$ cat entry01.pdb   # PDB, C-alpha atoms and all ligand atoms
ATOM      1  CA  MET B 206     -32.099  -2.538 -41.059
ATOM      2  CA  LYS B 207     -28.729  -3.987 -40.054
ATOM      3  CA  PRO B 208     -26.387  -4.295 -43.056
ATOM      4  CA  LYS B 209     -24.286  -7.427 -43.381
ATOM      5  CA  VAL B 210     -21.155  -6.969 -41.262
ATOM      6  CA  LYS B 211     -18.117  -9.154 -40.828
ATOM      7  CA  ILE B 212     -15.981  -9.024 -37.688
ATOM      8  CA  SER B 213     -12.280  -9.515 -38.392
ATOM      9  CA  GLN B 214      -8.808  -8.885 -37.023
ATOM     10  CA  MET B 215      -7.869  -5.177 -37.160
ATOM     11  CA  LYS B 216      -5.033  -4.476 -39.609
ATOM     12  CA  LYS B 217      -2.800  -1.444 -40.113
ATOM     13  CA  ARG B 218      -4.730  -0.606 -43.277
ATOM     14  CA  ASP B 219      -7.903  -0.162 -41.175
ATOM     15  CA  LEU B 220      -6.400   2.443 -38.853
ATOM     16  CA  GLU B 221      -7.312   5.561 -40.824
ATOM     17  CA  GLU B 222     -10.982   4.625 -40.557
ATOM     18  CA  VAL B 223     -10.599   3.503 -36.929
ATOM     19  CA  LEU B 224      -9.134   6.916 -36.075
ATOM     20  CA  ARG B 225     -11.992   8.681 -37.859
ATOM     21  CA  ILE B 226     -14.583   6.700 -35.884
ATOM     22  CA  GLN B 227     -12.674   7.402 -32.654
ATOM     23  CA  THR B 228     -12.567  11.151 -33.347
ATOM     24  CA  ASP B 229     -16.206  11.391 -34.489
ATOM     25  CA  ASN B 230     -17.230   9.774 -31.187
ATOM     26  CA  ASN B 231     -14.984  12.035 -29.043
ATOM     27  CA  LEU B 232     -13.193   9.038 -27.603
ATOM     28  CA  SER B 233      -9.760   8.907 -25.960
ATOM     29  CA  SER B 234      -7.155  10.284 -28.308
ATOM     30  CA  TRP B 235      -5.113   7.247 -29.236
ATOM     31  CA  LYS B 236      -2.726   8.029 -32.084
ATOM     32  CA  TYR B 237      -1.946   5.884 -35.119
ATOM     33  CA  ASN B 238       1.191   4.498 -33.437
ATOM     34  CA  ASP B 239      -0.672   3.595 -30.252
ATOM     35  CA  TYR B 240      -2.862   1.304 -32.345
ATOM     36  CA  VAL B 241       0.140  -0.118 -34.207
ATOM     37  CA  LYS B 242       1.776  -1.039 -30.876
ATOM     38  CA  GLU B 243      -1.458  -2.584 -29.665
ATOM     39  CA  LEU B 244      -1.721  -4.683 -32.845
ATOM     40  CA  GLU B 245       1.758  -6.037 -32.103
ATOM     41  CA  ARG B 246       0.902  -7.135 -28.559
ATOM     42  CA  ASP B 247       0.107 -10.828 -28.106
ATOM     43  CA  SER B 248      -2.177  -9.961 -25.235
ATOM     44  CA  SER B 249      -4.440  -7.664 -27.257
ATOM     45  CA  ILE B 250      -7.648  -8.354 -29.092
ATOM     46  CA  CYS B 251      -8.230  -5.773 -31.832
ATOM     47  CA  LYS B 252     -11.287  -6.263 -34.041
ATOM     48  CA  VAL B 253     -13.039  -4.320 -36.765
ATOM     49  CA  ALA B 254     -16.568  -4.569 -38.114
ATOM     50  CA  LYS B 255     -16.668  -4.202 -41.908
ATOM     51  CA  LEU B 256     -19.430  -3.901 -44.462
ATOM     52  CA  GLU B 257     -19.385  -6.075 -47.579
ATOM     53  CA  ASN B 258     -17.560  -3.260 -49.418
ATOM     54  CA  ASN B 259     -14.850  -3.358 -46.693
ATOM     55  CA  GLN B 260     -15.830  -0.031 -45.123
ATOM     56  CA  VAL B 261     -14.896  -0.104 -41.426
ATOM     57  CA  VAL B 262     -17.994   0.724 -39.357
ATOM     58  CA  GLY B 263     -16.791  -0.199 -35.874
ATOM     59  CA  PHE B 264     -13.886  -1.433 -33.819
ATOM     60  CA  ALA B 265     -12.919  -2.822 -30.422
ATOM     61  CA  VAL B 266      -9.597  -2.855 -28.572
ATOM     62  CA  VAL B 267      -9.275  -5.097 -25.531
ATOM     63  CA  ARG B 268      -6.161  -6.063 -23.605
ATOM     64  CA  ILE B 269      -5.725  -9.215 -21.540
ATOM     65  CA  LEU B 270      -3.879  -8.638 -18.287
ATOM     66  CA  VAL B 271      -2.250 -11.921 -17.487
ATOM     67  CA  GLY B 272      -2.655 -13.268 -13.989
ATOM     68  CA  ASN B 273      -2.361 -16.865 -12.930
ATOM     69  CA  ASP B 274      -3.693 -19.265 -15.558
ATOM     70  CA  GLU B 275      -7.191 -19.625 -14.185
ATOM     71  CA  ASN B 276      -7.718 -15.974 -13.428
ATOM     72  CA  ASN B 277      -6.830 -13.668 -16.300
ATOM     73  CA  SER B 278      -8.635 -10.368 -16.513
ATOM     74  CA  ALA B 279      -9.088  -8.041 -19.464
ATOM     75  CA  GLU B 280      -9.772  -4.378 -20.033
ATOM     76  CA  ILE B 281     -11.824  -2.832 -22.808
ATOM     77  CA  TYR B 282      -9.867   0.196 -24.003
ATOM     78  CA  ASN B 283     -12.180   1.265 -26.775
ATOM     79  CA  ILE B 284     -15.287   0.081 -28.495
ATOM     80  CA  ALA B 285     -17.043   2.312 -30.997
ATOM     81  CA  VAL B 286     -19.334   2.247 -33.994
ATOM     82  CA  ASP B 287     -19.508   4.779 -36.823
ATOM     83  CA  LYS B 288     -22.204   7.300 -35.848
ATOM     84  CA  SER B 289     -24.212   6.570 -39.003
ATOM     85  CA  PHE B 290     -24.366   2.880 -38.086
ATOM     86  CA  GLN B 291     -25.074   2.980 -34.343
ATOM     87  CA  SER B 292     -27.986   1.264 -32.602
ATOM     88  CA  ILE B 293     -28.495  -1.396 -35.287
ATOM     89  CA  GLY B 294     -26.592  -4.242 -33.627
ATOM     90  CA  ILE B 295     -23.013  -3.718 -34.836
ATOM     91  CA  GLY B 296     -21.575  -2.950 -31.379
ATOM     92  CA  GLN B 297     -23.252  -6.102 -30.095
ATOM     93  CA  SER B 298     -21.714  -8.199 -32.895
ATOM     94  CA  LEU B 299     -18.275  -6.782 -32.055
ATOM     95  CA  PHE B 300     -18.695  -7.438 -28.354
ATOM     96  CA  ASP B 301     -20.006 -10.998 -28.929
ATOM     97  CA  GLU B 302     -16.880 -11.809 -30.946
ATOM     98  CA  VAL B 303     -14.588 -10.252 -28.329
ATOM     99  CA  LEU B 304     -16.311 -12.199 -25.565
ATOM    100  CA  ARG B 305     -15.998 -15.459 -27.515
ATOM    101  CA  GLU B 306     -12.255 -14.866 -27.773
ATOM    102  CA  LEU B 307     -11.918 -13.841 -24.116
ATOM    103  CA  ARG B 308     -13.704 -17.044 -23.054
ATOM    104  CA  SER B 309     -11.374 -19.123 -25.212
ATOM    105  CA  LYS B 310      -8.438 -17.442 -23.444
ATOM    106  CA  LYS B 311      -9.906 -18.221 -20.024
ATOM    107  CA  VAL B 312     -10.481 -14.618 -19.044
ATOM    108  CA  ALA B 313     -12.528 -14.456 -15.847
ATOM    109  CA  GLU B 314     -13.215 -10.710 -15.543
ATOM    110  CA  VAL B 315     -13.566  -7.822 -17.970
ATOM    111  CA  TRP B 316     -13.134  -4.244 -16.752
ATOM    112  CA  LEU B 317     -13.738  -0.857 -18.336
ATOM    113  CA  GLU B 318     -14.251   2.783 -17.521
ATOM    114  CA  VAL B 319     -16.892   5.017 -19.009
ATOM    115  CA  ARG B 320     -17.927   8.653 -18.670
ATOM    116  CA  LYS B 321     -20.790   9.072 -16.213
ATOM    117  CA  SER B 322     -22.814  10.955 -18.862
ATOM    118  CA  ASN B 323     -22.379   8.324 -21.597
ATOM    119  CA  SER B 324     -25.797   6.803 -21.135
ATOM    120  CA  GLN B 325     -25.765   4.999 -24.483
ATOM    121  CA  ALA B 326     -22.568   3.096 -23.626
ATOM    122  CA  ILE B 327     -23.737   2.479 -20.055
ATOM    123  CA  LYS B 328     -26.943   0.948 -21.385
ATOM    124  CA  PHE B 329     -24.873  -1.159 -23.780
ATOM    125  CA  TYR B 330     -22.628  -2.454 -20.974
ATOM    126  CA  LYS B 331     -25.500  -3.130 -18.591
ATOM    127  CA  LYS B 332     -27.293  -5.070 -21.312
ATOM    128  CA  ASN B 333     -24.129  -7.156 -21.552
ATOM    129  CA  ARG B 334     -24.251  -7.873 -17.791
ATOM    130  CA  PHE B 335     -21.505  -5.481 -16.700
ATOM    131  CA  SER B 336     -22.137  -3.939 -13.300
ATOM    132  CA  LYS B 337     -20.828  -0.736 -11.772
ATOM    133  CA  GLN B 338     -18.082  -1.354  -9.190
ATOM    134  CA  PHE B 339     -17.015   2.140  -8.174
ATOM    135  CA  VAL B 340     -16.627   5.752  -9.279
ATOM    136  CA  ARG B 341     -13.357   7.587 -10.044
ATOM    137  CA  LYS B 342     -14.014  11.224  -9.248
ATOM    138  CA  ASN B 343     -13.049  13.747 -11.964
ATOM    139  CA  TYR B 344     -11.161  11.072 -13.848
ATOM    140  CA  TYR B 345     -11.771  12.508 -17.314
ATOM    141  CA  GLN B 346     -10.631  15.896 -18.641
ATOM    142  CA  ASN B 347     -12.160  18.143 -21.332
ATOM    143  CA  PRO B 348     -14.744  18.168 -19.907
ATOM    144  CA  THR B 349     -13.916  17.066 -16.380
ATOM    145  CA  GLU B 350     -16.159  14.200 -15.424
ATOM    146  CA  ASP B 351     -16.366  11.154 -13.157
ATOM    147  CA  ALA B 352     -15.617   7.699 -14.535
ATOM    148  CA  TYR B 353     -17.779   4.720 -13.726
ATOM    149  CA  ILE B 354     -15.788   1.513 -13.442
ATOM    150  CA  PHE B 355     -17.688  -1.526 -14.682
ATOM    151  CA  LYS B 356     -16.890  -5.212 -14.399
ATOM    152  CA  LEU B 357     -18.219  -8.334 -16.105
ATOM    153  CA  SER B 358     -17.657 -11.767 -14.550
ATOM    154  CA  VAL B 359     -17.267 -14.114 -17.509
ATOM    155  CA  ASP B 360     -19.179 -17.353 -17.082
TER
HETATM  156  C1  LIG I   1     -21.740   2.033 -27.238
HETATM  157  C2  LIG I   1     -21.700   1.533 -28.692
HETATM  158  C3  LIG I   1     -20.364   0.853 -28.981
HETATM  159  C4  LIG I   1     -22.818   0.484 -28.872
HETATM  160  O1  LIG I   1     -22.802   0.019 -30.209
HETATM  161  P1  LIG I   1     -24.129   0.056 -31.103
HETATM  162  O2  LIG I   1     -23.850  -0.615 -32.379
HETATM  163  O3  LIG I   1     -24.616   1.459 -31.162
HETATM  164  O4  LIG I   1     -25.113  -0.807 -30.182
HETATM  165  P2  LIG I   1     -26.117  -1.986 -30.639
HETATM  166  O5  LIG I   1     -26.991  -1.514 -31.738
HETATM  167  O6  LIG I   1     -25.336  -3.229 -30.864
HETATM  168  O7  LIG I   1     -27.045  -2.119 -29.340
HETATM  169  C5  LIG I   1     -26.749  -2.955 -28.254
HETATM  170  C6  LIG I   1     -27.341  -2.354 -26.993
HETATM  171  O8  LIG I   1     -26.704  -1.108 -26.686
HETATM  172  C7  LIG I   1     -27.653  -0.184 -26.131
HETATM  173  N1  LIG I   1     -27.853   0.946 -27.064
HETATM  174  C8  LIG I   1     -27.454   1.032 -28.353
HETATM  175  N2  LIG I   1     -27.822   2.232 -28.869
HETATM  176  C9  LIG I   1     -28.450   2.898 -27.877
HETATM  177  C10 LIG I   1     -29.051   4.194 -27.789
HETATM  178  N3  LIG I   1     -29.082   5.038 -28.841
HETATM  179  N4  LIG I   1     -29.580   4.573 -26.603
HETATM  180  C11 LIG I   1     -29.564   3.742 -25.541
HETATM  181  N5  LIG I   1     -29.005   2.485 -25.580
HETATM  182  C12 LIG I   1     -28.470   2.084 -26.726
HETATM  183  C13 LIG I   1     -28.933  -0.964 -25.979
HETATM  184  O9  LIG I   1     -28.898  -1.611 -24.731
HETATM  185  C14 LIG I   1     -28.809  -1.985 -27.074
HETATM  186  O10 LIG I   1     -29.586  -3.121 -26.870
HETATM  187  P3  LIG I   1     -31.113  -3.169 -27.420
HETATM  188  O11 LIG I   1     -31.028  -2.890 -28.892
HETATM  189  O12 LIG I   1     -31.581  -4.541 -27.114
HETATM  190  O13 LIG I   1     -31.838  -2.085 -26.710
HETATM  191  C15 LIG I   1     -21.950   2.675 -29.714
HETATM  192  O14 LIG I   1     -23.191   3.249 -29.464
HETATM  193  C16 LIG I   1     -20.880   3.739 -29.755
HETATM  194  O15 LIG I   1     -19.976   3.657 -30.577
HETATM  195  N6  LIG I   1     -20.983   4.787 -28.910
HETATM  196  C17 LIG I   1     -20.009   5.891 -28.954
HETATM  197  C18 LIG I   1     -18.643   5.449 -28.515
HETATM  198  C19 LIG I   1     -18.620   5.064 -27.049
HETATM  199  O16 LIG I   1     -19.168   5.757 -26.212
HETATM  200  N7  LIG I   1     -17.955   3.929 -26.752
HETATM  201  C20 LIG I   1     -17.805   3.448 -25.394
HETATM  202  C21 LIG I   1     -16.665   4.145 -24.722
HETATM  203  S1  LIG I   1     -16.489   3.634 -23.028
END
$ encode --input "entry01.pdb" --output "structure tokens"
Amino acid sequence: MKPKVKISQMKKRDLEEVLRIQTDNNLSSWKYNDYVKELERDSSICKVAKLENNQVVGFAVVRILVGNDENNSAEIYNIAVDKSFQSIGIGQSLFDEVLRELRSKKVAEVWLEVRKSNSQAIKFYKKNRFSKQFVRKNYYQNPTEDAYIFKLSVD
């Protein structure tokens, strides 16, 4: 059963848990200071999902790339849920909140890259109406793997 989660702005005090979730999921190796810089950017959306006891169980980092007013795009840098809390709707709650904010900021397109073998994330993105645009050969290291580039047109 899905526990009660609250989606809120990521704060510096959340970063230790964010880094743990990142590492447990073998995601890109952003360091503490990378997150601090991202939190300071006006164009970033950094969210955490917390349980009632304030434990961080997921996070999302998205950056808006400013174009002309009517045509901003955004890139999802990271979205992850604590392994013990995956597949019970928390990633969806995080993404719904991010999308609400992107719509309010008139973002027209959302882009991301994902490992070809990451079928769980690919299913997640497809469910959220992202579609594959192209492949970047051998984009990832350790292990070397192709990246799929996905795009969502925000309606
Ligand atoms: C991808 C991720 C963020 C999704 O969050 P989540 O909380 O596990 O997902 P949710 O429970 O909200 O499920 C939403 C949808 O994702 C997909 N999904 C979630 N878990 C899945 C699983 N184990 N297998 C296949 N699809 C799955 C399904 O489409 C699901 O919709 P459904 O329940 O109607 O079938 C999470 O699984 C995760 O942290 N994965 C590891 C980190 C990662 O790979 N991040 C993406 C980097 S590009």
$ residues_near_ligand --input "entry01.pdb" --ligand "ligand LIG 1 (chain I)" --cutoff "9 Å" --atoms "only C-alpha atoms and all ligand atoms" --output "ChimeraX atom specification"
/B:207,226-227,229-233,263-265,281-288,290-300,317-320,323-333
$ write_last_selection --input "entry01.pdb" --atoms "C-alpha atoms" --output "JSON list (two decimals), in the frame of the given file"
[["chain", "number", "residue", "atom", "x", "y", "z"],
["B", 207, "LYS", "CA", -28.73, -3.99, -40.05],
["B", 226, "ILE", "CA", -14.58, 6.70, -35.88],
["B", 227, "GLN", "CA", -12.67, 7.40, -32.65],
["B", 229, "ASP", "CA", -16.21, 11.39, -34.49],
["B", 230, "ASN", "CA", -17.23, 9.77, -31.19],
["B", 231, "ASN", "CA", -14.98, 12.04, -29.04],
["B", 232, "LEU", "CA", -13.19, 9.04, -27.60],
["B", 233, "SER", "CA", -9.76, 8.91, -25.96],
["B", 263, "GLY", "CA", -16.79, -0.20, -35.87],
["B", 264, "PHE", "CA", -13.89, -1.43, -33.82],
["B", 265, "ALA", "CA", -12.92, -2.82, -30.42],
["B", 281, "ILE", "CA", -11.82, -2.83, -22.81],
["B", 282, "TYR", "CA", -9.87, 0.20, -24.00],
["B", 283, "ASN", "CA", -12.18, 1.26, -26.78],
["B", 284, "ILE", "CA", -15.29, 0.08, -28.50],
["B", 285, "ALA", "CA", -17.04, 2.31, -31.00],
["B", 286, "VAL", "CA", -19.33, 2.25, -33.99],
["B", 287, "ASP", "CA", -19.51, 4.78, -36.82],
["B", 288, "LYS", "CA", -22.20, 7.30, -35.85],
["B", 290, "PHE", "CA", -24.37, 2.88, -38.09],
["B", 291, "GLN", "CA", -25.07, 2.98, -34.34],
["B", 292, "SER", "CA", -27.99, 1.26, -32.60],
["B", 293, "ILE", "CA", -28.50, -1.40, -35.29],
["B", 294, "GLY", "CA", -26.59, -4.24, -33.63],
["B", 295, "ILE", "CA", -23.01, -3.72, -34.84],
["B", 296, "GLY", "CA", -21.58, -2.95, -31.38],
["B", 297, "GLN", "CA", -23.25, -6.10, -30.10],
["B", 298, "SER", "CA", -21.71, -8.20, -32.90],
["B", 299, "LEU", "CA", -18.27, -6.78, -32.06],
["B", 300, "PHE", "CA", -18.70, -7.44, -28.35],
["B", 317, "LEU", "CA", -13.74, -0.86, -18.34],
["B", 318, "GLU", "CA", -14.25, 2.78, -17.52],
["B", 319, "VAL", "CA", -16.89, 5.02, -19.01],
["B", 320, "ARG", "CA", -17.93, 8.65, -18.67],
["B", 323, "ASN", "CA", -22.38, 8.32, -21.60],
["B", 324, "SER", "CA", -25.80, 6.80, -21.14],
["B", 325, "GLN", "CA", -25.76, 5.00, -24.48],
["B", 326, "ALA", "CA", -22.57, 3.10, -23.63],
["B", 327, "ILE", "CA", -23.74, 2.48, -20.06],
["B", 328, "LYS", "CA", -26.94, 0.95, -21.38],
["B", 329, "PHE", "CA", -24.87, -1.16, -23.78],
["B", 330, "TYR", "CA", -22.63, -2.45, -20.97],
["B", 331, "LYS", "CA", -25.50, -3.13, -18.59],
["B", 332, "LYS", "CA", -27.29, -5.07, -21.31],
["B", 333, "ASN", "CA", -24.13, -7.16, -21.55]]
$ atom_distance --input "entry01.pdb" --atom1 "atom CA of B:Arg218" --atom2 "atom CA of B:Val271"
28.3 Å
$ resolve_selection --input "entry01.pdb" --expression "the PyMOL selection byres (((chain B and resi 345) around 12) and not hetatm)" --output "PyMOL selection string"
chain B and resi 232-233+318-322+340-344+346-353
$ atom_distance --input "entry01.pdb" --atom1 "atom CA of B:Glu243" --atom2 "atom CA of B:Leu307"
16.3 Å
$ resolve_selection --input "entry01.pdb" --expression "the PyMOL selection byres (((chain B and resi 360) around 12) and not hetatm)" --output "list in words"
Leu304, Arg305, Leu307, Arg308, Ser309, Lys311, Val312, Ala313, Glu314, Val315, Arg334, Leu357, Ser358 and Val359 of chain B
$ write_last_selection --input "entry01.pdb" --atoms "C-alpha atoms" --output "mmCIF file, in the coordinates of the input"
data_model
loop_
_atom_site.group_PDB
_atom_site.id
_atom_site.type_symbol
_atom_site.label_atom_id
_atom_site.label_comp_id
_atom_site.auth_asym_id
_atom_site.auth_seq_id
_atom_site.Cartn_x
_atom_site.Cartn_y
_atom_site.Cartn_z
ATOM 1 C CA LEU B 304 -16.311 -12.199 -25.565
ATOM 2 C CA ARG B 305 -15.998 -15.459 -27.515
ATOM 3 C CA LEU B 307 -11.918 -13.841 -24.116
ATOM 4 C CA ARG B 308 -13.704 -17.044 -23.054
ATOM 5 C CA SER B 309 -11.374 -19.123 -25.212
ATOM 6 C CA LYS B 311 -9.906 -18.221 -20.024
ATOM 7 C CA VAL B 312 -10.481 -14.618 -19.044
ATOM 8 C CA ALA B 313 -12.528 -14.456 -15.847
ATOM 9 C CA GLU B 314 -13.215 -10.710 -15.543
ATOM 10 C CA VAL B 315 -13.566 -7.822 -17.970
ATOM 11 C CA ARG B 334 -24.251 -7.873 -17.791
ATOM 12 C CA LEU B 357 -18.219 -8.334 -16.105
ATOM 13 C CA SER B 358 -17.657 -11.767 -14.550
ATOM 14 C CA VAL B 359 -17.267 -14.114 -17.509
#
$ closest_residue --input "entry01.pdb" --among "B:Val261, B:Val267, B:Ile354, B:Ala279" --to "B:Val223" --atoms "all atoms listed in the file"
B:Val261
$ atom_distance --input "entry01.pdb" --atom1 "atom CA of B:Gln214" --atom2 "atom CA of B:Glu302"
10.5 Å
$ residues_around --input "entry01.pdb" --residues "B:Val241" --least-positions-apart "5" --cutoff "10 Å" --atoms "all atoms listed in the file" --output "mmCIF file with C-alpha atoms, in the frame of the given file"
data_model
loop_
_atom_site.group_PDB
_atom_site.id
_atom_site.type_symbol
_atom_site.label_atom_id
_atom_site.label_comp_id
_atom_site.auth_asym_id
_atom_site.auth_seq_id
_atom_site.Cartn_x
_atom_site.Cartn_y
_atom_site.Cartn_z
ATOM 1 C CA MET B 215 -7.869 -5.177 -37.160
ATOM 2 C CA LYS B 216 -5.033 -4.476 -39.609
ATOM 3 C CA LYS B 217 -2.800 -1.444 -40.113
ATOM 4 C CA LEU B 220 -6.400 2.443 -38.853
ATOM 5 C CA LYS B 236 -2.726 8.029 -32.084
ATOM 6 C CA ARG B 246 0.902 -7.135 -28.559
#
$ resolve_selection --input "entry01.pdb" --expression "the PyMOL selection byres (((chain B and resi 250) around 8) and not hetatm)" --output "list in words"
Leu244, Ser248, Ser249, Cys251, Lys252, Ala265, Val266, Val267, Arg268, Ile269 and Val303 of chain B
$ residues_around --input "entry01.pdb" --residues "B:Gln260" --least-positions-apart "6" --cutoff "9 Å" --atoms "all atoms listed in the file" --output "list of chain:residue names"
B:Asp219, B:Glu222, B:Ala254
$ axis_aligned_box --input "entry01.pdb" --around "stretch 308-323 of chain B" --padding-each-side "3 Å" --output "AutoDock Vina command-line options"
--center_x -15.6 --center_y -4.1 --center_z -20.4 --size_x 20.4 --size_y 36.1 --size_z 15.7
$ closest_residue --input "entry01.pdb" --among "B:Arg225, B:Phe335, B:Trp316, B:Lys209" --to "B:Tyr237" --atoms "all atoms listed in the file"
B:Arg225
